[in-house]
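The structure under discussion appears below in the form of structure tokens.
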Amino acid sequence: MTEQELTAPAKASLFRRVLRNMACRIALASLILSALGYYYSYTRYQTEALANLGKYIEARSQIESNLFLQAETNTKLLRNEFVRRYAQMQSSDPGPEFHRLFKQDRDGMWRVRPELDDFEYKATVAILPRVNLTDEFMRQALLAYELCGQFGQANRNRYYDTFVDLNVSDGSVMFLPDLNYARNGSVADFAVDLETELGATPERNPERKTFWTGIYFDKQAMEWMVSVVTPIDYLGRYIGGSGQDVLLDQLIQRTNSVSIPGTYNFIVTRGGQLIAHADRMTQIHQAHGEYDLRTANDPLLRDLYYAALKATPSQPFVESPDGKSWLGVSGISGADWMFVVVYPKRLLQEKAAVAASMVLLLGLIALLVELGLLAWVLKMDVARPLSRLKSAIQTLAHGQASDQLDIHRDDELGELARNFDAMAQKVANHRHHLEELVAERTAELAQTNADLHSANQQLTHLNDEKNELLAIAAHDLKNPVASIGGMAGLVAEKLHEWPAERVRTRLLGMQQLAGRLQQIVSNLLDIHALESGQFRAHLETVELDPLMAELLQSWDARLQDKFQHASWLPSGISVRADRQALWQVLDNLLSNASKYSPSHSAITLTALVRGKAVEIRVADQGPGIALHEMDKLFLKFSRLSAVPTGGEHATGLGLSIVKRLVESMHGTVHCHSQLGNGATFLVNLPVAG
């Protein structure tokens, strides 16, 4: 190569070529990342949206269902109380009280006397002139008047009214504080047999189940509503029905106005009757609440309705027939309606497009920044060293001494290269040491954090239990102690004035309160012994028949007080268990069954062998347990919505003690229940070998 060729300028710039190639590659990578970002964003947004939609429809379902389920419970409680009191008043003479409260008006209707008519706080009564006023019917009217006033006052904040219909339309008793229902209607109005009345008859309702009417517009109240009715029978004989009307204004307003942004809701019955829709309320009103999507000229909503029918509790999301929306479907319990949320897919597409645009925009900005940095790096780390190398080569070409950038040389550049190599090795070793120290310190910190978190959770749990214990001491122990103190002081003061029988009554009351205190303290001590490991089960062969006979004998007086009956079918079965612990388990379950069962009900105890285990069942006829309360049934200090029927006391510890005692005997306990149909507790213990 000649000197002229060495000194000639380059025809192309390596700097510009490398920069141009890098720019093209980074731009292509940005476009690919934008496409992948759009797909990933759409998929992620869809997953998140459906997850949030599932939580939303579940929450809305619970909110909307609560009103209907509570209404069913209210009518059943009213029915049960009616039957219970009606049985107690069979021997009474209802005539004087009936004529004291009611009189026959000019139109022939029997209504509450004007001087006693206080419809804002008591029930109103409308009895048709055709009715034969037998003692039986007068008792029913008096009892319905009393119960509607009591139950109506208790439920007036949530429900529009409370009513009892006697013998279809013969007698209408209603608590409605907004208007005087009985005096606002004529004989012809009350003589019409309504769906709420006919639906309770044995002919229309042979299974005697609680039922809901369809949506309708009440002209007197000027409100949209539905009604729930529970048939009333006494000794197999039809009396009437207890019911409540549920206003739909708030439900419709929430459905039409409260929604996820960009979506809309509607409510439809499984039979196709549209209940609420923001854009169809005019059609619903014109159809008097019977806007049937199966026959209406509304293809869009009809298609959405049939698509929603395909949803299941395990698969609550379905696509709309046109593929443009997701439908989130959840049931409204009680009325058996469907709450449907229409979520357009374009919302996801718009979010994904925005995310992809941001990725592309940021990619372009990053491209410019990277190109600038790359140009600077190439200039400093490539162009200048090459220029110095070129100068050295040119110097060498002119026959002058030049420095060689070679680590094997013994001159300054070789020493600099060797020093740099040694320094790089030291830095690498130091960095490795630092990484080990950081990893060690990170592990120690993570362990410390985990220990602190565990200790904090334990302290939180102990604090919660302490608060529960203090609450029991403040509430459950304070009142009995105060009552015992008050009774003791009163007996001491009146000891020489009262007769012996009255003193004995007071002392028995003190004894009963002391027994209640003893039961609370015993439960607390039992749960403490079980949790601290102080209790040890002594397993032995226990014959169930003599144990059950002894248990039922100990409960005989208490069951008679509530007119209840407990039965045990002798089985000849023996179990492997701790006799005292098994006694306590069965005593707690029998106490629980008696406590929540109504008077004149039966409690059944049975046992059968299932393989290597014995299944002991305790079944009652109480109100049952709601599905959403099953998870906390055996938790400590848990108190469910069911209320003891005889005013008994509950600490929330009994079933927790039962579970721990059964598990200490290598057994299991669980419950089968349907709300309104009683509960059955099943205890499984090893069969005696």
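Residue numbering restarts at 1 in every chain; chains get A, B, ... in the order shown in the structure tokens, and ligands count up from 1 in that same order.
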
inquiry  = For the strand (DSSP E or B) assignment from backbone DSSP, which residues of region 13-216 of chain A qualify? Please present them as a ChimeraX atom specification.
reply    = /A:102-104,110-112,124-127,161-166,171-175,211-212,216

key: Long-range neighbours of Val687 (chain A) as a PyMOL selection string, 8 Å cut-off, only C-alpha atoms, 4 positions minimum in chain   = chain A and resi 574-576+609+612-614

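When only C-alpha atoms are used to measure the gap to Glu663 (chain A), the shortest distance among A:Ile332, A:Leu685, A:Ala422, A:Val83 belongs to A:Leu685.
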
task = Please run DSSP on the backbone and report, as a ChimeraX atom specification, all residues within region 40-284 of chain A that come out as helix (DSSP H, G or I).
result = /A:40-88,95-101,114-116,135-155,187-191,195-198,249-257,281-284

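Those residues that approach Ile260 (chain A) to within 12 Å, counting only C-alpha atoms, are Ala49, Leu50, Asn52, Leu53, Gly54, Lys55, Tyr56, Ile57, Arg60, Arg254, Thr255, Asn256, Tyr264, Asn265, Gly328, Val341, Val342, Tyr343, Pro344 and Leu347 of chain A; same-chain residues fewer than 4 positions away are not listed.
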
query = Which one of A:Asn205, A:Ala307, A:Ala581, A:Phe82 sits closest to Gly667 (chain A) if you count only C-alpha atoms?
reply = A:Ala581

task = Pick out the residues sitting within 12 Å of Leu67 (chain A), and hand them over as JSON, numbers by chain; count only C-alpha atoms, and ignore anything fewer than 3 positions along from it in its own chain.
result = {"A": [60, 61, 62, 63, 64, 70, 71, 72, 73, 74, 155, 157, 158, 159, 160, 226, 227, 228, 244, 245, 246, 247, 248, 250, 251, 332, 333, 334, 335]}

key: Test item: residues at most 7 Å from region 277-289 of chain A, only C-alpha atoms, excluding those fewer than 4 positions along its chain, as number ranges by chain   = A: 215-217, 256, 265-267

Keeping C-alpha atoms, export the residues of the selection given above as a compact mmCIF listing (two decimals), in the first residue's frame.
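The result, written out as out_7.txt:
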```
# COMPACT_ATOMS: atom_id res chain seq x y z
CA ILE A 215 -94.00 -6.97 38.80
CA TYR A 216 -97.06 -4.72 38.84
CA PHE A 217 -97.98 -1.05 39.28
CA ASN A 256 -80.37 2.30 35.46
CA ASN A 265 -77.27 -2.93 33.24
CA PHE A 266 -80.69 -4.50 32.96
CA ILE A 267 -82.76 -6.91 35.05
```
